[in-house]
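**Q** If it helps, the file is called structure.csv and holds CSV, C-alpha atoms:
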chain,number,residue,atom,x,y,z
A,1,MET,CA,-24.2,21.4,-41.8
A,2,GLN,CA,-27.5,19.6,-41.1
A,3,SER,CA,-30.4,20.0,-43.5
A,4,ARG,CA,-33.1,22.5,-42.7
A,5,MET,CA,-35.7,20.0,-41.6
A,6,ASP,CA,-33.2,18.0,-39.5
A,7,ARG,CA,-32.1,21.1,-37.7
A,8,TYR,CA,-35.7,22.1,-37.2
A,9,GLN,CA,-36.6,18.7,-35.7
A,10,SER,CA,-33.6,18.7,-33.5
A,11,PHE,CA,-34.5,22.2,-32.3
A,12,LEU,CA,-38.1,21.2,-31.5
A,13,VAL,CA,-37.2,18.1,-29.6
A,14,ASN,CA,-34.1,19.4,-27.8
A,15,GLU,CA,-34.1,23.2,-27.6
A,16,TYR,CA,-37.5,24.9,-27.9
A,17,ARG,CA,-38.5,24.6,-24.2
A,18,LYS,CA,-35.0,25.1,-22.9
A,19,GLY,CA,-34.9,28.5,-24.4
A,20,PHE,CA,-37.2,29.9,-21.8
A,21,LEU,CA,-34.6,29.0,-19.2
A,22,LYS,CA,-31.8,31.1,-20.8
A,23,PRO,CA,-33.1,34.7,-20.3
A,24,GLU,CA,-29.6,36.0,-19.4
A,25,GLU,CA,-28.0,35.7,-22.8
A,26,TYR,CA,-27.8,39.3,-23.6
A,27,SER,CA,-25.6,42.4,-22.8
A,28,LEU,CA,-26.5,45.9,-21.7
A,29,ASP,CA,-22.9,47.1,-21.5
A,30,GLU,CA,-23.5,49.6,-24.3
A,31,VAL,CA,-26.7,51.2,-23.0
A,32,THR,CA,-26.0,54.8,-22.0
A,33,ASP,CA,-26.5,56.1,-18.5
A,34,ASP,CA,-28.8,58.8,-20.0
A,35,LEU,CA,-31.2,56.2,-21.5
A,36,ARG,CA,-31.1,54.1,-18.4
A,37,LEU,CA,-32.1,57.1,-16.3
A,38,LYS,CA,-35.0,57.9,-18.7
A,39,MET,CA,-36.3,54.4,-18.4
A,40,ARG,CA,-36.0,54.1,-14.6
A,41,SER,CA,-37.6,57.5,-14.1
A,42,GLY,CA,-40.7,56.5,-16.1
A,43,LYS,CA,-40.1,59.0,-18.9
A,44,PHE,CA,-41.3,56.6,-21.6
A,45,LYS,CA,-45.1,56.1,-21.9
A,46,ARG,CA,-44.8,54.0,-25.1
A,47,VAL,CA,-42.4,51.8,-27.0
A,48,VAL,CA,-42.2,51.7,-30.8
A,49,PHE,CA,-40.4,48.6,-32.2
A,50,THR,CA,-39.3,48.6,-35.8
A,51,GLY,CA,-37.7,45.7,-37.6
A,52,MET,CA,-38.2,43.1,-40.3
A,53,GLY,CA,-39.0,39.4,-40.2
A,54,CYS,CA,-38.1,37.5,-37.0
A,55,SER,CA,-36.5,40.6,-35.6
A,56,ALA,CA,-40.0,42.2,-35.5
A,57,ILE,CA,-42.1,39.2,-34.6
A,58,VAL,CA,-40.7,38.9,-31.0
A,59,SER,CA,-41.8,42.6,-30.6
A,60,ASP,CA,-45.4,41.6,-31.6
A,61,VAL,CA,-45.4,38.8,-29.0
A,62,VAL,CA,-44.1,41.2,-26.3
A,63,ALA,CA,-46.6,43.9,-27.4
A,64,ALA,CA,-49.5,41.4,-27.3
A,65,PHE,CA,-48.5,40.1,-23.9
A,66,PHE,CA,-48.4,43.6,-22.3
A,67,ASN,CA,-51.5,44.8,-24.1
A,68,SER,CA,-53.4,41.7,-22.8
A,69,MET,CA,-52.6,42.8,-19.3
A,70,ASP,CA,-53.4,46.5,-19.8
A,71,SER,CA,-49.9,47.3,-18.5
A,72,GLY,CA,-50.2,51.1,-19.0
A,73,LEU,CA,-47.2,51.0,-21.3
A,74,GLU,CA,-48.2,51.4,-25.0
A,75,PHE,CA,-46.5,49.1,-27.6
A,76,HIS,CA,-46.4,49.5,-31.3
A,77,VAL,CA,-44.6,47.5,-34.0
A,78,LEU,CA,-43.6,48.7,-37.5
A,79,ASN,CA,-42.5,46.2,-40.1
A,80,ASP,CA,-41.0,48.8,-42.4
A,81,TYR,CA,-38.8,51.9,-42.3
A,82,ASP,CA,-41.2,54.5,-43.8
A,83,HIS,CA,-42.9,55.3,-40.6
A,84,ARG,CA,-44.6,58.4,-42.0
A,85,TYR,CA,-47.5,56.3,-43.3
A,86,LEU,CA,-47.6,53.7,-40.5
A,87,MET,CA,-47.4,55.7,-37.3
A,88,PRO,CA,-48.6,59.2,-36.3
A,89,ARG,CA,-45.9,61.9,-36.4
A,90,SER,CA,-47.0,62.9,-32.9
A,91,VAL,CA,-46.1,59.4,-31.6
A,92,MET,CA,-42.7,59.3,-33.3
A,93,GLU,CA,-41.7,62.8,-32.3
A,94,ASP,CA,-42.9,62.5,-28.7
A,95,GLU,CA,-40.1,62.5,-26.1
A,96,ALA,CA,-42.1,59.9,-24.2
A,97,THR,CA,-41.7,57.4,-27.0
A,98,LEU,CA,-38.8,54.9,-26.8
A,99,ILE,CA,-37.8,53.6,-30.2
A,100,ILE,CA,-36.3,50.1,-30.4
A,101,VAL,CA,-34.6,49.3,-33.7
A,102,SER,CA,-34.4,45.5,-33.9
A,103,SER,CA,-32.2,43.5,-36.3
A,104,TYR,CA,-30.7,40.3,-35.0
A,105,SER,CA,-28.0,40.2,-37.7
A,106,GLY,CA,-27.5,44.0,-37.8
A,107,HIS,CA,-27.1,43.7,-41.6
A,108,SER,CA,-30.8,44.2,-42.7
A,109,ASN,CA,-31.1,47.4,-44.7
A,110,GLU,CA,-34.4,48.6,-43.4
A,111,PRO,CA,-33.4,49.0,-39.8
A,112,VAL,CA,-30.3,50.9,-41.0
A,113,HIS,CA,-32.6,53.2,-42.9
A,114,VAL,CA,-34.6,53.7,-39.7
A,115,PHE,CA,-31.4,54.6,-37.8
A,116,HIS,CA,-30.6,57.3,-40.3
A,117,ASN,CA,-34.2,58.6,-40.8
A,118,LEU,CA,-34.7,59.0,-37.0
A,119,ALA,CA,-31.3,60.7,-36.3
A,120,ASP,CA,-33.1,63.3,-34.2
A,121,ALA,CA,-34.4,60.5,-31.9
A,122,HIS,CA,-31.0,58.9,-31.2
A,123,ASP,CA,-31.1,59.9,-27.6
A,124,ARG,CA,-34.3,57.9,-27.0
A,125,MET,CA,-33.3,55.0,-29.3
A,126,LEU,CA,-32.2,51.5,-28.3
A,127,LEU,CA,-30.6,49.2,-30.9
A,128,LEU,CA,-31.4,45.5,-30.4
A,129,THR,CA,-28.9,43.5,-32.3
A,130,SER,CA,-26.1,41.0,-32.2
A,131,GLY,CA,-23.8,43.4,-34.1
A,132,GLY,CA,-23.3,43.9,-37.8
A,133,ARG,CA,-23.6,47.2,-39.6
A,134,LEU,CA,-26.3,48.4,-37.2
A,135,GLY,CA,-24.1,47.8,-34.2
A,136,GLU,CA,-21.2,49.7,-35.9
A,137,LEU,CA,-23.4,52.7,-36.6
A,138,GLY,CA,-24.7,52.7,-33.1
A,139,ARG,CA,-21.3,52.6,-31.6
A,140,GLU,CA,-20.0,55.4,-33.9
A,141,ALA,CA,-23.0,57.6,-33.0
A,142,GLY,CA,-23.0,56.8,-29.3
A,143,VAL,CA,-26.5,55.3,-29.5
A,144,SER,CA,-27.5,52.7,-26.9
A,145,ILE,CA,-27.1,49.1,-27.9
A,146,ALA,CA,-28.6,45.9,-26.3
A,147,ARG,CA,-26.8,42.9,-27.7
A,148,TRP,CA,-28.2,39.4,-28.2
A,149,GLU,CA,-25.6,36.9,-27.0
A,150,LEU,CA,-27.3,33.5,-27.6
A,151,SER,CA,-25.0,30.6,-26.8
A,152,GLU,CA,-26.6,28.3,-29.5
A,153,PRO,CA,-28.1,30.4,-32.2
A,154,ASP,CA,-29.3,29.0,-35.5
A,155,ARG,CA,-27.7,31.6,-37.8
A,156,GLU,CA,-30.0,30.9,-40.8
A,157,TYR,CA,-33.3,30.7,-39.0
A,158,PRO,CA,-33.5,33.0,-35.9
A,159,LEU,CA,-37.2,32.3,-35.8
A,160,PHE,CA,-36.3,29.1,-34.0
A,161,HIS,CA,-35.5,31.2,-30.9
A,162,VAL,CA,-38.5,33.4,-30.4
A,163,GLY,CA,-39.3,31.8,-27.1
A,164,GLN,CA,-35.8,32.6,-25.8
A,165,TYR,CA,-36.0,36.1,-27.3
A,166,PHE,CA,-39.3,36.6,-25.4
A,167,ALA,CA,-37.7,35.5,-22.1
A,168,ILE,CA,-34.7,37.8,-22.7
A,169,LEU,CA,-36.8,40.9,-23.4
A,170,LEU,CA,-38.9,40.5,-20.3
A,171,ASP,CA,-35.7,40.1,-18.3
A,172,MET,CA,-34.0,43.0,-20.1
A,173,PHE,CA,-36.9,45.4,-19.7
A,174,LEU,CA,-37.1,44.7,-16.0
A,175,GLY,CA,-33.3,45.2,-15.6
A,176,LEU,CA,-33.5,48.5,-17.5
A,177,GLY,CA,-36.5,49.7,-15.4
A,178,LEU,CA,-38.8,50.0,-18.4
A,179,ILE,CA,-41.3,47.7,-16.6
A,180,ASP,CA,-41.9,47.2,-12.9
A,181,GLU,CA,-43.5,43.8,-12.8
A,182,ASP,CA,-41.2,40.7,-12.6
A,183,HIS,CA,-42.4,38.0,-15.0
A,184,ARG,CA,-39.3,35.8,-14.9
A,185,GLU,CA,-40.8,33.1,-12.6
A,186,GLU,CA,-43.8,32.8,-14.9
A,187,VAL,CA,-41.5,32.4,-17.9
A,188,SER,CA,-39.2,29.9,-16.1
A,189,ARG,CA,-42.3,27.7,-15.4
A,190,LEU,CA,-43.2,27.5,-19.1
A,191,PRO,CA,-41.3,24.3,-19.9
A,192,GLY,CA,-43.1,22.5,-17.0
A,193,HIS,CA,-46.4,23.8,-18.1
A,194,LEU,CA,-45.8,22.8,-21.7
A,195,ASP,CA,-45.1,19.2,-20.5
A,196,THR,CA,-48.8,19.1,-19.5
A,197,ASP,CA,-50.4,21.7,-21.7
A,198,PHE,CA,-49.0,20.2,-25.0
A,199,THR,CA,-50.7,16.8,-25.0
A,200,ASP,CA,-50.8,13.8,-27.2
A,201,THR,CA,-54.0,15.3,-28.6
A,202,HIS,CA,-52.1,18.4,-29.7
A,203,ARG,CA,-49.5,16.3,-31.4
A,204,GLN,CA,-52.1,14.3,-33.2
A,205,LEU,CA,-53.9,17.6,-34.2
A,206,ALA,CA,-50.6,18.8,-35.7
A,207,ARG,CA,-50.4,15.7,-37.8
A,208,THR,CA,-54.0,16.1,-38.9
A,209,LEU,CA,-53.4,19.8,-39.8
A,210,ALA,CA,-50.4,18.8,-41.9
A,211,GLU,CA,-52.3,16.1,-43.7
A,212,ARG,CA,-55.2,18.5,-44.4
A,213,SER,CA,-52.8,21.2,-45.5
A,214,GLN,CA,-50.7,19.2,-48.0
A,215,ASP,CA,-50.9,20.7,-51.5
A,216,ALA,CA,-53.2,23.4,-50.1
A,217,ASN,CA,-53.3,27.1,-49.5
A,218,VAL,CA,-53.3,27.5,-45.7
A,219,ILE,CA,-55.5,30.3,-44.4
A,220,MET,CA,-55.1,31.0,-40.7
A,221,LEU,CA,-57.8,33.0,-38.9
A,222,ALA,CA,-57.9,34.7,-35.4
A,223,SER,CA,-59.1,37.7,-33.6
A,224,PRO,CA,-56.7,40.7,-33.2
A,225,LYS,CA,-55.1,39.5,-30.0
A,226,TRP,CA,-53.6,36.5,-31.9
A,227,HIS,CA,-53.4,37.8,-35.5
A,228,GLU,CA,-50.4,40.0,-35.0
A,229,SER,CA,-48.5,37.8,-32.6
A,230,LEU,CA,-49.3,34.1,-33.1
A,231,LEU,CA,-50.4,34.1,-36.7
A,232,LYS,CA,-47.5,36.2,-38.0
A,233,LEU,CA,-45.0,33.8,-36.5
A,234,ALA,CA,-47.0,30.8,-37.6
A,235,LYS,CA,-47.0,32.0,-41.1
A,236,MET,CA,-43.2,32.5,-41.0
A,237,HIS,CA,-42.7,28.9,-39.8
A,238,LEU,CA,-45.0,27.6,-42.6
A,239,ASN,CA,-43.5,29.8,-45.3
A,240,GLU,CA,-39.8,29.6,-44.3
A,241,ILE,CA,-39.5,26.0,-43.0
A,242,ALA,CA,-42.3,23.9,-44.6
A,243,MET,CA,-42.2,26.3,-47.6
A,244,VAL,CA,-45.9,26.1,-48.2
A,245,PRO,CA,-48.2,29.0,-49.1
A,246,ALA,CA,-49.8,30.3,-45.9
A,247,ALA,CA,-51.7,33.5,-45.2
A,248,ARG,CA,-53.2,35.1,-42.0
A,249,ASN,CA,-56.4,37.0,-41.8
A,250,PHE,CA,-58.4,38.9,-39.2
A,251,PHE,CA,-61.3,36.7,-38.5
A,252,HIS,CA,-64.1,39.3,-38.9
A,253,GLU,CA,-62.6,40.9,-42.0
A,254,PHE,CA,-62.3,37.5,-43.6
A,255,CYS,CA,-66.0,36.9,-43.1
A,256,HIS,CA,-66.7,40.3,-44.8
A,257,SER,CA,-64.4,39.8,-47.8
A,258,GLU,CA,-61.9,37.0,-48.4
A,259,VAL,CA,-64.4,34.2,-47.6
A,260,ALA,CA,-65.9,34.8,-51.1
A,261,THR,CA,-62.9,33.1,-52.7
A,262,LEU,CA,-64.0,29.8,-51.1
A,263,SER,CA,-67.3,29.8,-53.1
A,264,ASP,CA,-66.1,26.8,-55.2
A,265,PRO,CA,-62.3,26.8,-55.1
A,266,VAL,CA,-60.3,24.8,-57.7
A,267,ARG,CA,-57.3,24.5,-55.5
A,268,LYS,CA,-57.4,22.9,-52.1
A,269,HIS,CA,-57.7,25.3,-49.1
A,270,SER,CA,-56.9,24.5,-45.5
A,271,VAL,CA,-58.7,26.9,-43.1
A,272,VAL,CA,-57.2,26.9,-39.6
A,273,ILE,CA,-59.2,28.9,-37.0
A,274,PHE,CA,-57.5,29.7,-33.7
A,275,GLU,CA,-60.2,30.1,-31.0
A,276,ASP,CA,-59.5,31.7,-27.7
A,277,ASP,CA,-61.9,30.5,-25.0
A,278,ASP,CA,-62.0,34.1,-23.8
A,279,GLU,CA,-63.6,35.4,-27.0
A,280,ASP,CA,-66.9,37.2,-26.8
A,281,ALA,CA,-70.2,35.5,-27.5
A,282,TYR,CA,-70.6,37.2,-30.9
A,283,THR,CA,-67.3,36.0,-32.1
A,284,LYS,CA,-67.9,32.4,-30.9
A,285,ALA,CA,-71.3,32.3,-32.6
A,286,LYS,CA,-69.8,33.8,-35.8
A,287,THR,CA,-67.1,31.1,-35.8
A,288,ASP,CA,-69.7,28.4,-35.5
A,289,ASN,CA,-71.6,29.8,-38.4
A,290,LEU,CA,-68.5,30.0,-40.6
A,291,VAL,CA,-67.5,26.4,-39.8
A,292,ALA,CA,-71.0,25.2,-40.6
A,293,LEU,CA,-70.9,27.1,-44.0
A,294,LEU,CA,-67.6,25.6,-45.0
A,295,THR,CA,-68.1,22.1,-43.8
A,296,SER,CA,-71.7,21.5,-45.0
A,297,ASP,CA,-72.2,18.5,-47.4
A,298,ARG,CA,-72.2,20.3,-50.7
A,299,PRO,CA,-70.0,20.0,-53.8
A,300,GLU,CA,-68.6,23.5,-53.5
A,301,ASN,CA,-66.9,22.6,-50.2
A,302,ARG,CA,-65.0,19.6,-51.7
A,303,ASN,CA,-61.7,21.4,-51.7
A,304,ILE,CA,-62.0,23.0,-48.3
A,305,GLU,CA,-60.7,21.6,-45.1
A,306,VAL,CA,-61.5,23.4,-41.8
A,307,THR,CA,-59.7,22.8,-38.5
A,308,ARG,CA,-60.5,24.5,-35.2
A,309,VAL,CA,-57.6,25.0,-32.7
A,310,ALA,CA,-58.8,25.7,-29.2
A,311,LEU,CA,-56.7,28.0,-27.0
A,312,THR,CA,-57.9,27.0,-23.5
A,313,GLU,CA,-54.8,27.4,-21.3
A,314,PRO,CA,-55.2,29.8,-18.4
A,315,THR,CA,-52.7,32.5,-19.3
A,316,PHE,CA,-51.5,34.4,-22.3
A,317,MET,CA,-48.0,32.8,-22.2
A,318,ARG,CA,-49.4,29.3,-21.9
A,319,LYS,CA,-51.9,29.8,-24.7
A,320,TYR,CA,-49.3,31.4,-27.0
A,321,PHE,CA,-46.5,28.9,-26.6
A,322,THR,CA,-48.7,25.8,-26.6
A,323,ALA,CA,-50.2,27.0,-29.8
A,324,LEU,CA,-46.8,27.8,-31.2
A,325,GLU,CA,-45.6,24.3,-30.4
A,326,LEU,CA,-48.6,22.9,-32.2
A,327,VAL,CA,-47.8,25.1,-35.3
A,328,GLN,CA,-44.2,24.0,-35.2
A,329,TYR,CA,-45.0,20.3,-35.2
A,330,MET,CA,-47.5,20.9,-38.0
A,331,THR,CA,-44.7,22.7,-39.9
A,332,LEU,CA,-42.3,19.8,-39.3
A,333,ASP,CA,-44.8,17.2,-40.6
A,334,LEU,CA,-45.6,19.4,-43.6
A,335,GLY,CA,-42.0,20.0,-44.4
A,336,ARG,CA,-41.1,16.4,-44.1
A,337,ALA,CA,-43.9,15.5,-46.5
A,338,ARG,CA,-42.3,17.5,-49.3
A,339,GLU,CA,-38.7,18.5,-48.5
A,340,THR,CA,-38.4,21.5,-50.8
A,341,ALA,CA,-34.8,22.7,-51.4
A,342,SER,CA,-34.4,26.4,-50.4
A,343,ARG,CA,-33.6,28.9,-53.1
A,344,GLU,CA,-32.4,31.3,-50.5
A,345,LEU,CA,-35.1,33.7,-51.7
A,346,ILE,CA,-35.4,35.6,-48.4
A,347,SER,CA,-31.8,36.4,-48.1
A,348,GLU,CA,-31.6,37.4,-51.8
A,349,ALA,CA,-34.8,39.4,-52.0
A,350,ALA,CA,-34.0,41.2,-48.7
A,351,GLY,CA,-30.5,42.0,-49.9
A,352,ASN,CA,-29.0,40.5,-46.7
A,353,PRO,CA,-26.3,37.9,-47.5
A,354,TRP,CA,-25.6,37.3,-43.8
A,355,TYR,CA,-28.4,34.7,-43.6
A,356,HIS,CA,-27.5,33.1,-47.0
A,357,GLY,CA,-26.5,29.4,-46.7
A,358,ASP,CA,-23.5,30.0,-49.0
A,359,THR,CA,-22.2,32.8,-46.7
A,360,ILE,CA,-22.6,30.6,-43.6
A,361,ARG,CA,-20.9,27.6,-45.2
A,362,SER,CA,-18.1,29.8,-46.5
A,363,GLU,CA,-17.5,31.2,-43.0
A,364,GLU,CA,-17.6,27.8,-41.4
A,365,ALA,CA,-15.0,26.5,-44.0
A,366,GLY,CA,-12.8,29.5,-43.3
A,367,ARG,CA,-12.8,28.8,-39.5
A,368,GLN,CA,-11.9,25.1,-40.2
A,369,ASP,CA,-9.0,26.1,-42.3
A,370,ARG,CA,-7.5,28.3,-39.6
Let me see the structure of the file written as C-alpha cells.

**A**
Amino acid sequence: MQSRMDRYQSFLVNEYRKGFLKPEEYSLDEVTDDLRLKMRSGKFKRVVFTGMGCSAIVSDVVAAFFNSMDSGLEFHVLNDYDHRYLMPRSVMEDEATLIIVSSYSGHSNEPVHVFHNLADAHDRMLLLTSGGRLGELGREAGVSIARWELSEPDREYPLFHVGQYFAILLDMFLGLGLIDEDHREEVSRLPGHLDTDFTDTHRQLARTLAERSQDANVIMLASPKWHESLLKLAKMHLNEIAMVPAARNFFHEFCHSEVATLSDPVRKHSVVIFEDDDEDAYTKAKTDNLVALLTSDRPENRNIEVTRVALTEPTFMRKYFTALELVQYMTLDLGRARETASRELISEAAGNPWYHGDTIRSEEAGRQDR
C-alpha cells in the first residue's frame, strides 16, 4: 500500500481530471418506482442533504452550483444528525422536501441515526452510499438507494474523488428527473478547460502558498458562495492530507471579529483570501483594506503572511475546480515538507473503522491469502 502522500501525488497527476469523464459509475437499480415518479413529476421543491465529512462536501458543491444559477430547486446541507436545531421543522416535514442521506462507506453512525430519526420520511428519502450498514437498513426497509460504483476508489480518502462525485450527481439527478437541464457536456469539457485554466502561474502560487503556510495556522477567507463549498473541501485536504491546522471563515464576519487575533500573533499565520471577480464593489474594497492592514510595514505583522487567490474563470465549475486544483497542489507541497504519520484520528474519533488503515490492510491481506 503506497504512503498517503504518494497516493495523493499519483491521484493529482493521473486521476483528478479523469474523474469528470466517469459520470456513469453509479447504480439506480434500487430506487423505487414511487420515488422516481415523485421526482419526474416535479413534486420536490427542495433537497436536504445530510452526511458527514466527504459524504457531505459534494452536497455543498452541488448546492452552490445550483444556487449560483437560481435553478428554482432549493438545496440545504446538514453536517449532523440532530436536524431539530439546524433546519426548520416545516422544511423537514414538508412532502415537497427530498431527503438525501449520504454516506460513502455506509458505516458512519450519524447517517444511520438520520435514517432512524426520519423514519416517517422514508418514502421521500434517497440513500446515497456504496453499501455498508446504511445500505442494509435501506434494503430491509424498502428505502430507495443510489449506489456509488467507482471503479478506482481510494478507500481511505474518498475526498480525492469529489470531482467525479460531482459529475455523477449531475448525471444521476438528470436521469432521475430531479433536474431538467443537462450539464453533462459542460462537465465533460472540464479536463480540457483545466489544461488551460490551471496555468504555470497557478502551480507556482501553490508552491508559494505552501512555503508561506509552513509551521503556520492557515486561515482561509471567502464570501458565502465559496465558504461552504470550496473552503470546506480545501480545509479537509489541508487537515487530512497535509495534516496542518487550517480554518475557514466568512470574509465579512472575520473582519468584524476574528481579525482581532492578528493584532500581534506569536505564532505564524497564513491568511489566504479567495476573491471571485464577480464580487460586489463593497467586498472588493473591503478586501483591499484588509490586505493593506495586514501587510503594512509594522512589527505587529511580522508573523502574518497574506495571499490573494483570484477566481477569474468564466463559470462556476471552472472557478471551483481550478481553485480546487490549486489547493490540492498546495496541500501536496505542504504535506511533502513535513510528512506527518497519520494516527488514524478521524476513523477512531468518528467510530468508523471502515476507513482505518489497519482495517484496509487486514482486508487486503485476507484477499491475498484466498

**Q** Give me the residues within 12 Å of segment 180-187 of chain A as a ChimeraX atom specification, counting all atoms listed in the file and dropping any in the same chain fewer than 2 places off.

**A** /A:17-24,39-42,62,65-66,69,71-73,163-178,189-194,315-318,321

**Q** May I ask which of the residues A:Ala292, A:Leu37, A:Ala210, A:Ala234 is the closest one to Ala337 of chain A, counting all atoms listed in the file?

**A**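 Using all atoms listed in the file, Ala337 of chain A sits closest to A:Ala210.
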
**Q** Would you work out the distance separating atom CA of His107 of chain A from atom CA of Ser362 of chain A, expressed in Å to one decimal?

**A** 17.3 Å

**Q** Can you tell me how far atom CA of Met220 of chain A sits from atom CA of Ala247 of chain A, in Å to one decimal?

**A** 6.2 Å

**Q** Suppose you want the space between atom CA of Leu293 of chain A and atom CA of Leu238 of chain A; what is it in Å?

**A** 25.9 Å

**Q** For a quick check of your reading of the model, name the residues lying within 12 Å of the coordinate (-50.5, 37.3, -34.4), counting all atoms listed in the file, and write them as a PyMOL selection string.

**A** chain A and resi 56-65+77+220-236+247-251+274+320+323-324

**Q** Limited to C-alpha atoms, could you put the picked residues into a file as a PDB file, in the frame of the given file?

**A**
ATOM      1  CA  ALA A  56     -40.000  42.200 -35.500  1.00  0.00           C
ATOM      2  CA  ILE A  57     -42.100  39.200 -34.600  1.00  0.00           C
ATOM      3  CA  VAL A  58     -40.700  38.900 -31.000  1.00  0.00           C
ATOM      4  CA  SER A  59     -41.800  42.600 -30.600  1.00  0.00           C
ATOM      5  CA  ASP A  60     -45.400  41.600 -31.600  1.00  0.00           C
ATOM      6  CA  VAL A  61     -45.400  38.800 -29.000  1.00  0.00           C
ATOM      7  CA  VAL A  62     -44.100  41.200 -26.300  1.00  0.00           C
ATOM      8  CA  ALA A  63     -46.600  43.900 -27.400  1.00  0.00           C
ATOM      9  CA  ALA A  64     -49.500  41.400 -27.300  1.00  0.00           C
ATOM     10  CA  PHE A  65     -48.500  40.100 -23.900  1.00  0.00           C
ATOM     11  CA  VAL A  77     -44.600  47.500 -34.000  1.00  0.00           C
ATOM     12  CA  MET A 220     -55.100  31.000 -40.700  1.00  0.00           C
ATOM     13  CA  LEU A 221     -57.800  33.000 -38.900  1.00  0.00           C
ATOM     14  CA  ALA A 222     -57.900  34.700 -35.400  1.00  0.00           C
ATOM     15  CA  SER A 223     -59.100  37.700 -33.600  1.00  0.00           C
ATOM     16  CA  PRO A 224     -56.700  40.700 -33.200  1.00  0.00           C
ATOM     17  CA  LYS A 225     -55.100  39.500 -30.000  1.00  0.00           C
ATOM     18  CA  TRP A 226     -53.600  36.500 -31.900  1.00  0.00           C
ATOM     19  CA  HIS A 227     -53.400  37.800 -35.500  1.00  0.00           C
ATOM     20  CA  GLU A 228     -50.400  40.000 -35.000  1.00  0.00           C
ATOM     21  CA  SER A 229     -48.500  37.800 -32.600  1.00  0.00           C
ATOM     22  CA  LEU A 230     -49.300  34.100 -33.100  1.00  0.00           C
ATOM     23  CA  LEU A 231     -50.400  34.100 -36.700  1.00  0.00           C
ATOM     24  CA  LYS A 232     -47.500  36.200 -38.000  1.00  0.00           C
ATOM     25  CA  LEU A 233     -45.000  33.800 -36.500  1.00  0.00           C
ATOM     26  CA  ALA A 234     -47.000  30.800 -37.600  1.00  0.00           C
ATOM     27  CA  LYS A 235     -47.000  32.000 -41.100  1.00  0.00           C
ATOM     28  CA  MET A 236     -43.200  32.500 -41.000  1.00  0.00           C
ATOM     29  CA  ALA A 247     -51.700  33.500 -45.200  1.00  0.00           C
ATOM     30  CA  ARG A 248     -53.200  35.100 -42.000  1.00  0.00           C
ATOM     31  CA  ASN A 249     -56.400  37.000 -41.800  1.00  0.00           C
ATOM     32  CA  PHE A 250     -58.400  38.900 -39.200  1.00  0.00           C
ATOM     33  CA  PHE A 251     -61.300  36.700 -38.500  1.00  0.00           C
ATOM     34  CA  PHE A 274     -57.500  29.700 -33.700  1.00  0.00           C
ATOM     35  CA  TYR A 320     -49.300  31.400 -27.000  1.00  0.00           C
ATOM     36  CA  ALA A 323     -50.200  27.000 -29.800  1.00  0.00           C
ATOM     37  CA  LEU A 324     -46.800  27.800 -31.200  1.00  0.00           C
TER      38      LEU A 324
END

**Q** What are the nearest atom pairs, with distances in Å to one decimal, for all residues of segment 147-191 of chain A that come at most 9 Å from segment 347-359 of chain A, using all atoms listed in the file, set out by chain and rising residue number as JSON lines?

**A**
{"residue": "A:Arg155", "atom": "CA", "partner": "A:Tyr355", "partner_atom": "CA", "distance": 6.6}
{"residue": "A:Glu156", "atom": "CA", "partner": "A:Tyr355", "partner_atom": "CA", "distance": 5.0}
{"residue": "A:Tyr157", "atom": "CA", "partner": "A:Tyr355", "partner_atom": "CA", "distance": 7.8}

**Q** Please provide the set of residues having any atom within 7 Å of Ala216 of chain A, restricted to only C-alpha atoms, with same-chain residues fewer than 2 positions apart removed, written as JSON, numbers by chain.

**A** {"A": [213, 214, 218, 267, 268, 269, 270]}

**Q** So that I can see what lies close to segment 137-153 of chain A, please list as a short mmCIF file (atom, residue, chain, number, x, y, z; two decimals) with C-alpha atoms, in the coordinates of the input the residues with an atom at most 10 Å from it, counting all atoms listed in the file and leaving out residues fewer than 6 positions away in the same chain.

**A**
data_model
loop_
_atom_site.label_atom_id
_atom_site.label_comp_id
_atom_site.auth_asym_id
_atom_site.auth_seq_id
_atom_site.Cartn_x
_atom_site.Cartn_y
_atom_site.Cartn_z
CA GLU A 15 -34.10 23.20 -27.60
CA GLY A 19 -34.90 28.50 -24.40
CA LYS A 22 -31.80 31.10 -20.80
CA PRO A 23 -33.10 34.70 -20.30
CA GLU A 24 -29.60 36.00 -19.40
CA GLU A 25 -28.00 35.70 -22.80
CA TYR A 26 -27.80 39.30 -23.60
CA SER A 27 -25.60 42.40 -22.80
CA LEU A 28 -26.50 45.90 -21.70
CA ASP A 29 -22.90 47.10 -21.50
CA GLU A 30 -23.50 49.60 -24.30
CA VAL A 31 -26.70 51.20 -23.00
CA THR A 32 -26.00 54.80 -22.00
CA ASP A 33 -26.50 56.10 -18.50
CA ASP A 34 -28.80 58.80 -20.00
CA LEU A 35 -31.20 56.20 -21.50
CA ARG A 36 -31.10 54.10 -18.40
CA ILE A 100 -36.30 50.10 -30.40
CA VAL A 101 -34.60 49.30 -33.70
CA SER A 102 -34.40 45.50 -33.90
CA SER A 103 -32.20 43.50 -36.30
CA TYR A 104 -30.70 40.30 -35.00
CA SER A 105 -28.00 40.20 -37.70
CA GLY A 106 -27.50 44.00 -37.80
CA VAL A 112 -30.30 50.90 -41.00
CA PHE A 115 -31.40 54.60 -37.80
CA HIS A 116 -30.60 57.30 -40.30
CA ALA A 119 -31.30 60.70 -36.30
CA ALA A 121 -34.40 60.50 -31.90
CA HIS A 122 -31.00 58.90 -31.20
CA ASP A 123 -31.10 59.90 -27.60
CA ARG A 124 -34.30 57.90 -27.00
CA MET A 125 -33.30 55.00 -29.30
CA LEU A 126 -32.20 51.50 -28.30
CA LEU A 127 -30.60 49.20 -30.90
CA LEU A 128 -31.40 45.50 -30.40
CA THR A 129 -28.90 43.50 -32.30
CA SER A 130 -26.10 41.00 -32.20
CA GLY A 131 -23.80 43.40 -34.10
CA LEU A 159 -37.20 32.30 -35.80
CA PHE A 160 -36.30 29.10 -34.00
CA HIS A 161 -35.50 31.20 -30.90
CA GLN A 164 -35.80 32.60 -25.80
CA TYR A 165 -36.00 36.10 -27.30
CA ILE A 168 -34.70 37.80 -22.70
CA LEU A 169 -36.80 40.90 -23.40
CA MET A 172 -34.00 43.00 -20.10
#

**Q** Neighbours of Thr340 of chain A within 12 Å (all atoms listed in the file; same-chain residues fewer than 3 positions away dropped), as a ChimeraX atom specification?

**A** /A:3-5,239-244,334-337,343-344

**Q** Measuring between all atoms listed in the file, which one of A:Arg338, A:Arg207, A:Arg212, A:Lys286 shows the shortest distance to Leu326 of chain A?

**A**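 When distances to Leu326 of chain A are compared using all atoms listed in the file, the smallest one comes from A:Arg207.
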